[in-house]
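Engineer: This one is model.pdb, PDB, C-alpha atoms.
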```pdb
ATOM      1  CA  MET A   1      20.319 -16.670   7.017  1.00  0.00           C
ATOM      2  CA  GLU A   2      17.142 -18.357   8.279  1.00  0.00           C
ATOM      3  CA  LEU A   3      15.994 -15.107   9.912  1.00  0.00           C
ATOM      4  CA  ARG A   4      16.534 -13.199   6.642  1.00  0.00           C
ATOM      5  CA  ILE A   5      14.501 -15.730   4.670  1.00  0.00           C
ATOM      6  CA  SER A   6      11.744 -15.517   7.285  1.00  0.00           C
ATOM      7  CA  LEU A   7      11.824 -11.700   7.093  1.00  0.00           C
ATOM      8  CA  VAL A   8      11.590 -11.725   3.278  1.00  0.00           C
ATOM      9  CA  LEU A   9       8.721 -14.219   3.248  1.00  0.00           C
ATOM     10  CA  THR A  10       6.813 -12.466   6.034  1.00  0.00           C
ATOM     11  CA  THR A  11       7.221  -9.078   4.350  1.00  0.00           C
ATOM     12  CA  ALA A  12       6.176 -10.450   0.950  1.00  0.00           C
ATOM     13  CA  LEU A  13       3.067 -12.060   2.432  1.00  0.00           C
ATOM     14  CA  LEU A  14       2.054  -9.017   4.477  1.00  0.00           C
ATOM     15  CA  LEU A  15       2.691  -6.475   1.710  1.00  0.00           C
ATOM     16  CA  GLY A  16       1.548  -8.705  -1.140  1.00  0.00           C
ATOM     17  CA  SER A  17      -1.832  -9.574   0.300  1.00  0.00           C
ATOM     18  CA  PRO A  18      -4.672  -7.433  -1.055  1.00  0.00           C
ATOM     19  CA  GLY A  19      -4.844  -4.169   0.837  1.00  0.00           C
ATOM     20  CA  PRO A  20      -5.177  -0.469   0.034  1.00  0.00           C
ATOM     21  CA  ALA A  21      -1.815  -0.010  -1.722  1.00  0.00           C
ATOM     22  CA  PRO A  22      -1.742  -3.247  -3.774  1.00  0.00           C
ATOM     23  CA  LEU A  23      -5.359  -2.798  -4.877  1.00  0.00           C
ATOM     24  CA  ALA A  24      -4.758   0.845  -5.800  1.00  0.00           C
ATOM     25  CA  LEU A  25      -1.636  -0.152  -7.758  1.00  0.00           C
ATOM     26  CA  ALA A  26      -3.534  -2.835  -9.659  1.00  0.00           C
ATOM     27  CA  GLY A  27      -6.374  -0.396 -10.335  1.00  0.00           C
ATOM     28  CA  VAL A  28      -4.015   2.299 -11.603  1.00  0.00           C
ATOM     29  CA  GLY A  29      -2.140  -0.238 -13.741  1.00  0.00           C
ATOM     30  CA  ALA A  30      -5.413  -1.470 -15.254  1.00  0.00           C
ATOM     31  CA  SER A  31      -6.786   2.029 -15.810  1.00  0.00           C
ATOM     32  CA  PHE A  32      -3.711   3.857 -17.062  1.00  0.00           C
ATOM     33  CA  GLY A  33      -1.021   1.285 -17.835  1.00  0.00           C
ATOM     34  CA  PHE A  34       2.317   0.710 -16.149  1.00  0.00           C
ATOM     35  CA  ARG A  35       4.204   3.658 -17.657  1.00  0.00           C
ATOM     36  CA  ARG A  36       1.543   6.274 -16.828  1.00  0.00           C
ATOM     37  CA  GLY A  37       1.196   4.835 -13.317  1.00  0.00           C
ATOM     38  CA  ALA A  38       4.946   4.904 -12.577  1.00  0.00           C
ATOM     39  CA  GLY A  39       4.719   8.187 -10.644  1.00  0.00           C
ATOM     40  CA  PHE A  40       1.973   6.744  -8.458  1.00  0.00           C
ATOM     41  CA  LEU A  41       4.105   3.628  -7.836  1.00  0.00           C
ATOM     42  CA  ALA A  42       7.072   5.830  -6.868  1.00  0.00           C
ATOM     43  CA  GLY A  43       4.843   7.749  -4.441  1.00  0.00           C
ATOM     44  CA  ILE A  44       3.591   4.493  -2.902  1.00  0.00           C
ATOM     45  CA  LEU A  45       7.192   3.340  -2.367  1.00  0.00           C
ATOM     46  CA  VAL A  46       8.416   6.634  -0.888  1.00  0.00           C
ATOM     47  CA  GLY A  47       5.378   6.714   1.414  1.00  0.00           C
ATOM     48  CA  LEU A  48       6.192   3.172   2.477  1.00  0.00           C
ATOM     49  CA  LEU A  49       9.786   4.202   3.177  1.00  0.00           C
ATOM     50  CA  VAL A  50       8.458   6.903   5.519  1.00  0.00           C
ATOM     51  CA  VAL A  51       6.227   4.319   7.251  1.00  0.00           C
ATOM     52  CA  ILE A  52       9.190   1.941   7.673  1.00  0.00           C
ATOM     53  CA  THR A  53      11.283   4.783   9.125  1.00  0.00           C
ATOM     54  CA  LEU A  54       8.538   5.855  11.545  1.00  0.00           C
ATOM     55  CA  VAL A  55       7.912   2.314  12.760  1.00  0.00           C
ATOM     56  CA  GLY A  56      11.646   1.629  13.054  1.00  0.00           C
ATOM     57  CA  ALA A  57      12.056   4.857  15.026  1.00  0.00           C
ATOM     58  CA  GLY A  58       9.551   3.761  17.641  1.00  0.00           C
ATOM     59  CA  LEU A  59       6.053   4.681  16.484  1.00  0.00           C
ATOM     60  CA  GLY A  60       4.822   1.413  17.969  1.00  0.00           C
ATOM     61  CA  THR A  61       5.979   2.546  21.403  1.00  0.00           C
ATOM     62  CA  LEU A  62       4.110   5.844  21.005  1.00  0.00           C
ATOM     63  CA  PHE A  63       0.929   4.010  19.976  1.00  0.00           C
ATOM     64  CA  SER A  64       1.285   1.584  22.900  1.00  0.00           C
ATOM     65  CA  THR A  65       1.710   4.454  25.342  1.00  0.00           C
ATOM     66  CA  TYR A  66      -1.127   6.544  23.874  1.00  0.00           C
ATOM     67  CA  PRO A  67      -3.768   4.239  22.337  1.00  0.00           C
ATOM     68  CA  SER A  68      -6.081   7.184  21.665  1.00  0.00           C
ATOM     69  CA  ILE A  69      -3.518   8.658  19.233  1.00  0.00           C
ATOM     70  CA  LYS A  70      -3.397   5.327  17.413  1.00  0.00           C
ATOM     71  CA  MET A  71      -7.200   5.218  17.156  1.00  0.00           C
ATOM     72  CA  ILE A  72      -7.416   8.786  15.845  1.00  0.00           C
ATOM     73  CA  CYS A  73      -4.732   8.063  13.227  1.00  0.00           C
ATOM     74  CA  GLN A  74      -6.483   4.845  12.168  1.00  0.00           C
ATOM     75  CA  LEU A  75      -9.870   6.537  11.825  1.00  0.00           C
ATOM     76  CA  ALA A  76      -8.437   9.440   9.821  1.00  0.00           C
ATOM     77  CA  ALA A  77      -6.521   7.048   7.570  1.00  0.00           C
ATOM     78  CA  GLY A  78      -9.568   4.831   7.127  1.00  0.00           C
ATOM     79  CA  GLY A  79     -11.688   7.837   6.192  1.00  0.00           C
ATOM     80  CA  TYR A  80      -9.166   8.959   3.583  1.00  0.00           C
ATOM     81  CA  LEU A  81      -8.920   5.479   2.055  1.00  0.00           C
ATOM     82  CA  LEU A  82     -12.719   5.160   1.913  1.00  0.00           C
ATOM     83  CA  PHE A  83     -12.753   8.516   0.089  1.00  0.00           C
ATOM     84  CA  VAL A  84     -10.217   7.108  -2.411  1.00  0.00           C
ATOM     85  CA  ALA A  85     -12.452   4.034  -2.887  1.00  0.00           C
ATOM     86  CA  TYR A  86     -15.452   6.326  -3.510  1.00  0.00           C
ATOM     87  CA  LYS A  87     -13.488   8.336  -6.104  1.00  0.00           C
ATOM     88  CA  ILE A  88     -12.485   5.123  -7.903  1.00  0.00           C
ATOM     89  CA  ALA A  89     -16.048   3.773  -7.881  1.00  0.00           C
ATOM     90  CA  THR A  90     -17.680   6.969  -9.151  1.00  0.00           C
ATOM     91  CA  ALA A  91     -15.257   7.780 -11.993  1.00  0.00           C
ATOM     92  CA  GLN A  92     -16.974   7.853 -15.384  1.00  0.00           C
ATOM     93  CA  GLY A  93     -16.190   6.496 -18.845  1.00  0.00           C
ATOM     94  CA  GLY A  94     -14.001   3.763 -20.212  1.00  0.00           C
ATOM     95  CA  ILE A  95     -10.293   3.316 -19.674  1.00  0.00           C
ATOM     96  CA  ALA A  96      -9.591   5.078 -22.957  1.00  0.00           C
ATOM     97  CA  ASP A  97     -11.476   8.129 -21.623  1.00  0.00           C
ATOM     98  CA  GLN A  98      -9.176   8.428 -18.592  1.00  0.00           C
ATOM     99  CA  ALA A  99      -6.541  10.228 -20.691  1.00  0.00           C
ATOM    100  CA  GLY A 100      -5.309  13.016 -18.409  1.00  0.00           C
ATOM    101  CA  GLN A 101      -6.310  11.713 -15.023  1.00  0.00           C
ATOM    102  CA  ALA A 102      -3.588   9.255 -13.981  1.00  0.00           C
ATOM    103  CA  PRO A 103      -2.745   9.476 -10.262  1.00  0.00           C
ATOM    104  CA  VAL A 104       0.635  11.065  -9.593  1.00  0.00           C
ATOM    105  CA  PHE A 105       3.469  10.702  -7.064  1.00  0.00           C
ATOM    106  CA  LYS A 106       1.649  12.789  -4.431  1.00  0.00           C
ATOM    107  CA  ASP A 107      -1.418  10.546  -4.580  1.00  0.00           C
ATOM    108  CA  GLY A 108       0.613   7.381  -4.006  1.00  0.00           C
ATOM    109  CA  PHE A 109       2.669   9.013  -1.258  1.00  0.00           C
ATOM    110  CA  ILE A 110      -0.390  10.148   0.686  1.00  0.00           C
ATOM    111  CA  LEU A 111      -2.170   6.816   0.198  1.00  0.00           C
ATOM    112  CA  ASN A 112       0.648   4.808   1.765  1.00  0.00           C
ATOM    113  CA  LEU A 113       1.384   7.436   4.405  1.00  0.00           C
ATOM    114  CA  VAL A 114      -2.161   7.014   5.768  1.00  0.00           C
ATOM    115  CA  ASN A 115      -2.445   3.280   5.032  1.00  0.00           C
ATOM    116  CA  PRO A 116      -3.260   1.484   8.322  1.00  0.00           C
ATOM    117  CA  LYS A 117      -2.271  -1.886   6.834  1.00  0.00           C
ATOM    118  CA  ALA A 118       1.275  -0.638   6.201  1.00  0.00           C
ATOM    119  CA  TYR A 119       1.727   0.464   9.815  1.00  0.00           C
ATOM    120  CA  ALA A 120       0.234  -2.758  11.167  1.00  0.00           C
ATOM    121  CA  ALA A 121       2.437  -4.868   8.879  1.00  0.00           C
ATOM    122  CA  PHE A 122       5.648  -3.118   9.890  1.00  0.00           C
ATOM    123  CA  LEU A 123       4.782  -3.073  13.565  1.00  0.00           C
ATOM    124  CA  ALA A 124       4.399  -6.870  13.319  1.00  0.00           C
ATOM    125  CA  ILE A 125       7.558  -7.276  11.245  1.00  0.00           C
ATOM    126  CA  PHE A 126       9.715  -5.153  13.535  1.00  0.00           C
ATOM    127  CA  ALA A 127       8.316  -6.890  16.609  1.00  0.00           C
ATOM    128  CA  ASN A 128       8.843 -10.443  15.351  1.00  0.00           C
ATOM    129  CA  ASN A 129      11.431 -10.503  12.540  1.00  0.00           C
ATOM    130  CA  MET A 130      14.086  -7.946  13.478  1.00  0.00           C
ATOM    131  CA  LEU A 131      17.486  -8.787  12.022  1.00  0.00           C
ATOM    132  CA  GLN A 132      20.301  -8.861  14.566  1.00  0.00           C
ATOM    133  CA  ALA A 133      23.171  -6.371  14.313  1.00  0.00           C
ATOM    134  CA  GLN A 134      25.666  -4.667  16.622  1.00  0.00           C
ATOM    135  CA  SER A 135      23.206  -1.961  17.687  1.00  0.00           C
ATOM    136  CA  PRO A 136      19.430  -1.460  17.740  1.00  0.00           C
ATOM    137  CA  LEU A 137      19.769   1.271  15.104  1.00  0.00           C
ATOM    138  CA  ALA A 138      21.726  -1.027  12.778  1.00  0.00           C
ATOM    139  CA  SER A 139      19.155  -3.788  13.336  1.00  0.00           C
ATOM    140  CA  ALA A 140      16.302  -1.444  12.448  1.00  0.00           C
ATOM    141  CA  MET A 141      18.136  -0.126   9.370  1.00  0.00           C
ATOM    142  CA  MET A 142      18.961  -3.614   8.071  1.00  0.00           C
ATOM    143  CA  THR A 143      15.412  -4.840   8.673  1.00  0.00           C
ATOM    144  CA  GLY A 144      13.952  -1.749   7.006  1.00  0.00           C
ATOM    145  CA  ALA A 145      16.260  -2.096   3.974  1.00  0.00           C
ATOM    146  CA  VAL A 146      15.231  -5.719   3.414  1.00  0.00           C
ATOM    147  CA  CYS A 147      11.551  -4.801   3.824  1.00  0.00           C
ATOM    148  CA  PHE A 148      11.851  -1.935   1.345  1.00  0.00           C
ATOM    149  CA  GLY A 149      13.583  -4.169  -1.217  1.00  0.00           C
ATOM    150  CA  VAL A 150      10.760  -6.695  -0.953  1.00  0.00           C
ATOM    151  CA  ALA A 151       8.187  -3.872  -1.228  1.00  0.00           C
ATOM    152  CA  VAL A 152       9.720  -2.624  -4.478  1.00  0.00           C
ATOM    153  CA  VAL A 153       9.328  -6.081  -6.034  1.00  0.00           C
ATOM    154  CA  VAL A 154       5.833  -6.772  -4.643  1.00  0.00           C
ATOM    155  CA  ASP A 155       4.375  -3.355  -5.517  1.00  0.00           C
ATOM    156  CA  THR A 156       5.871  -3.434  -9.020  1.00  0.00           C
ATOM    157  CA  LEU A 157       4.270  -6.851  -9.564  1.00  0.00           C
ATOM    158  CA  TRP A 158       0.844  -5.534  -8.444  1.00  0.00           C
ATOM    159  CA  MET A 159       1.099  -2.611 -10.881  1.00  0.00           C
ATOM    160  CA  ALA A 160       2.223  -4.930 -13.693  1.00  0.00           C
ATOM    161  CA  ALA A 161      -0.628  -7.362 -12.952  1.00  0.00           C
ATOM    162  CA  GLY A 162      -3.117  -4.519 -13.179  1.00  0.00           C
ATOM    163  CA  ALA A 163      -1.561  -3.315 -16.433  1.00  0.00           C
ATOM    164  CA  LYS A 164      -2.031  -6.805 -17.907  1.00  0.00           C
ATOM    165  CA  LEU A 165      -5.779  -6.474 -17.222  1.00  0.00           C
ATOM    166  CA  ARG A 166      -6.011  -3.180 -19.094  1.00  0.00           C
ATOM    167  CA  PRO A 167      -7.060  -4.602 -22.501  1.00  0.00           C
ATOM    168  CA  LEU A 168      -9.890  -6.566 -20.889  1.00  0.00           C
ATOM    169  CA  PHE A 169     -11.607  -3.413 -19.630  1.00  0.00           C
ATOM    170  CA  ALA A 170     -11.455  -1.007 -22.579  1.00  0.00           C
ATOM    171  CA  LYS A 171     -15.212  -0.394 -22.865  1.00  0.00           C
ATOM    172  CA  PRO A 172     -17.016   1.965 -20.448  1.00  0.00           C
ATOM    173  CA  GLN A 173     -19.265  -0.747 -18.985  1.00  0.00           C
ATOM    174  CA  GLN A 174     -16.309  -3.078 -18.391  1.00  0.00           C
ATOM    175  CA  ALA A 175     -14.279  -0.217 -16.907  1.00  0.00           C
ATOM    176  CA  LYS A 176     -17.180   0.589 -14.572  1.00  0.00           C
ATOM    177  CA  TRP A 177     -17.147  -2.996 -13.252  1.00  0.00           C
ATOM    178  CA  LEU A 178     -13.367  -2.897 -12.843  1.00  0.00           C
ATOM    179  CA  ARG A 179     -13.594   0.306 -10.806  1.00  0.00           C
ATOM    180  CA  LEU A 180     -16.417  -1.086  -8.670  1.00  0.00           C
ATOM    181  CA  ILE A 181     -14.469  -4.287  -7.977  1.00  0.00           C
ATOM    182  CA  PHE A 182     -11.289  -2.422  -6.993  1.00  0.00           C
ATOM    183  CA  ALA A 183     -13.198   0.183  -4.969  1.00  0.00           C
ATOM    184  CA  SER A 184     -15.164  -2.502  -3.104  1.00  0.00           C
ATOM    185  CA  ALA A 185     -12.006  -4.498  -2.399  1.00  0.00           C
ATOM    186  CA  LEU A 186     -10.261  -1.344  -1.173  1.00  0.00           C
ATOM    187  CA  ALA A 187     -13.182  -0.454   1.098  1.00  0.00           C
ATOM    188  CA  MET A 188     -13.292  -4.011   2.503  1.00  0.00           C
ATOM    189  CA  SER A 189      -9.541  -3.932   3.199  1.00  0.00           C
ATOM    190  CA  VAL A 190     -10.005  -0.684   5.149  1.00  0.00           C
ATOM    191  CA  VAL A 191     -12.866  -2.152   7.192  1.00  0.00           C
ATOM    192  CA  ILE A 192     -10.818  -5.275   7.941  1.00  0.00           C
ATOM    193  CA  ALA A 193      -7.755  -3.212   8.925  1.00  0.00           C
ATOM    194  CA  LEU A 194      -9.816  -1.023  11.248  1.00  0.00           C
ATOM    195  CA  ALA A 195     -11.492  -4.070  12.799  1.00  0.00           C
ATOM    196  CA  ASP A 196      -8.077  -5.459  13.768  1.00  0.00           C
TER     197      ASP A 196
END
```
Go through the file and emit its structure as C-alpha cells.
Structural biologist:
Amino acid sequence: MELRISLVLTTALLLGSPGPAPLALAGVGASFGFRRGAGFLAGILVGLLVVITLVGAGLGTLFSTYPSIKMICQLAAGGYLLFVAYKIATAQGGIADQAGQAPVFKDGFILNLVNPKAYAAFLAIFANNMLQAQSPLASAMMTGAVCFGVAVVVDTLWMAAGAKLRPLFAKPQQAKWLRLIFASALAMSVVIALAD
C-alpha cells in the first residue's frame, strides 16, 4: 500500500508540475473553454498512454544503449514544442474571436507524443516506483494503469483551471497577455527539459 501511495504522489507531482502538456491544457481551457477543449484533452491522454506503453516496454533501455537516438528525439520534440509556443504567442484577437480554431484530438496526441517531460517523468517513475507483481509485464501494466489514472485527474484539473480563467481574458489585449504568458512558460519548460 505504501508503494502505491508513493507512486500516486510521485506521478501527480511529476505530471502536475507546469510543463508542455499542463500549460497547453490550461491555455486551451482559457482560450476555448472546457467543452471545446475536450478533444484536445483526449488527445493528450491517449498520447500519454502511448508514452507510458513505450517506456514500460523498454524505451529507457534503448535510450541508454543508444544515447544519440535519445538526443535526436529530444531535439525534435523540443523543436516541435517551441513551434507550438510560437503559434500560441502569435495568435491574434481576443478569446471571443477564436471561434473555430480550438485544438483537436490530433493536436493533443502529437503534443504529448513528442513531449520530453512525459518520457523523462515515466522513465523516472518506472525506474523508482514500479509496483510489484508476479511478472515484469504485470508490474509494468499495474504501474502504467495507476499512472494513467492519475494523469486523467491531473490533466482534467489543468484544463478546468484554464477554463476558470477564461472570463478574465475576454478582451484582445488581455488575451494577448494570456497567450504570451502560456507560450513563454511552455518555451521555458522545453528549455528546462532539454537542459536535463
Engineer: Applied to the shown file, which residues does the PyMOL selection byres ((chain A and resi 186-192) around 9) return, written as a VMD selection string?
Structural biologist: chain A and resid 18 to 21 23 to 24 77 to 79 81 to 82 84 to 86 115 to 117 181 to 185 193 to 196
Engineer: Hey, what's within 12 Å of Pro136 of chain A if we count only C-alpha atoms and toss same-chain stuff fewer than 5 positions away? As JSON, numbers by chain, please?
Structural biologist: {"A": [56, 57, 58, 126, 130, 131, 141, 142, 143]}
Engineer: Could you check the closest approach to Thr53 of chain A for each of A:Ala151, A:Leu165, A:Ala140, A:Leu180 and tell me which residue wins, using only C-alpha atoms?
Structural biologist: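 Comparing A:Ala151, A:Leu165, A:Ala140, A:Leu180 against Thr53 of chain A, the winner is A:Ala140.
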Engineer: Could you write segment 21-37 of chain A as an mmCIF file, in the frame of the given file, with N, CA and C atoms rebuilt where they are missing?
Structural biologist:
```
data_model
loop_
_atom_site.group_PDB
_atom_site.id
_atom_site.type_symbol
_atom_site.label_atom_id
_atom_site.label_comp_id
_atom_site.auth_asym_id
_atom_site.auth_seq_id
_atom_site.Cartn_x
_atom_site.Cartn_y
_atom_site.Cartn_z
ATOM 1 N N ALA A 21 -2.846 -0.335 -0.735
ATOM 2 C CA ALA A 21 -1.815 -0.010 -1.722
ATOM 3 C C ALA A 21 -1.793 -0.999 -2.886
ATOM 4 N N PRO A 22 -1.749 -2.324 -2.635
ATOM 5 C CA PRO A 22 -1.742 -3.247 -3.774
ATOM 6 C C PRO A 22 -2.971 -3.101 -4.668
ATOM 7 N N LEU A 23 -4.144 -2.935 -4.073
ATOM 8 C CA LEU A 23 -5.359 -2.798 -4.877
ATOM 9 C C LEU A 23 -5.346 -1.497 -5.679
ATOM 10 N N ALA A 24 -4.862 -0.428 -5.071
ATOM 11 C CA ALA A 24 -4.758 0.845 -5.800
ATOM 12 C C ALA A 24 -3.755 0.718 -6.948
ATOM 13 N N LEU A 25 -2.633 0.042 -6.703
ATOM 14 C CA LEU A 25 -1.636 -0.152 -7.758
ATOM 15 C C LEU A 25 -2.217 -0.956 -8.915
ATOM 16 N N ALA A 26 -2.922 -2.028 -8.599
ATOM 17 C CA ALA A 26 -3.534 -2.835 -9.659
ATOM 18 C C ALA A 26 -4.579 -2.023 -10.417
ATOM 19 N N GLY A 27 -5.361 -1.232 -9.694
ATOM 20 C CA GLY A 27 -6.374 -0.396 -10.335
ATOM 21 C C GLY A 27 -5.760 0.661 -11.245
ATOM 22 N N VAL A 28 -4.688 1.286 -10.786
ATOM 23 C CA VAL A 28 -4.015 2.299 -11.603
ATOM 24 C C VAL A 28 -3.368 1.640 -12.817
ATOM 25 N N GLY A 29 -2.740 0.486 -12.612
ATOM 26 C CA GLY A 29 -2.140 -0.238 -13.741
ATOM 27 C C GLY A 29 -3.180 -0.607 -14.782
ATOM 28 N N ALA A 30 -4.342 -1.076 -14.333
ATOM 29 C CA ALA A 30 -5.413 -1.470 -15.254
ATOM 30 C C ALA A 30 -6.023 -0.255 -15.951
ATOM 31 N N SER A 31 -6.143 0.842 -15.241
ATOM 32 C CA SER A 31 -6.786 2.029 -15.810
ATOM 33 C C SER A 31 -5.869 2.845 -16.711
ATOM 34 N N PHE A 32 -4.595 2.939 -16.353
ATOM 35 C CA PHE A 32 -3.711 3.857 -17.062
ATOM 36 C C PHE A 32 -2.462 3.213 -17.661
ATOM 37 N N GLY A 33 -2.222 1.946 -17.344
ATOM 38 C CA GLY A 33 -1.021 1.285 -17.835
ATOM 39 C C GLY A 33 0.152 1.502 -16.893
ATOM 40 N N PHE A 34 1.172 0.681 -17.059
ATOM 41 C CA PHE A 34 2.317 0.710 -16.149
ATOM 42 C C PHE A 34 3.087 2.024 -16.253
ATOM 43 N N ARG A 35 3.368 2.464 -17.480
ATOM 44 C CA ARG A 35 4.204 3.658 -17.657
ATOM 45 C C ARG A 35 3.540 4.903 -17.077
ATOM 46 N N ARG A 36 2.238 5.087 -17.342
ATOM 47 C CA ARG A 36 1.543 6.274 -16.828
ATOM 48 C C ARG A 36 1.305 6.198 -15.331
ATOM 49 N N GLY A 37 1.366 4.993 -14.751
ATOM 50 C CA GLY A 37 1.196 4.835 -13.317
ATOM 51 C C GLY A 37 2.504 4.838 -12.538
#
```
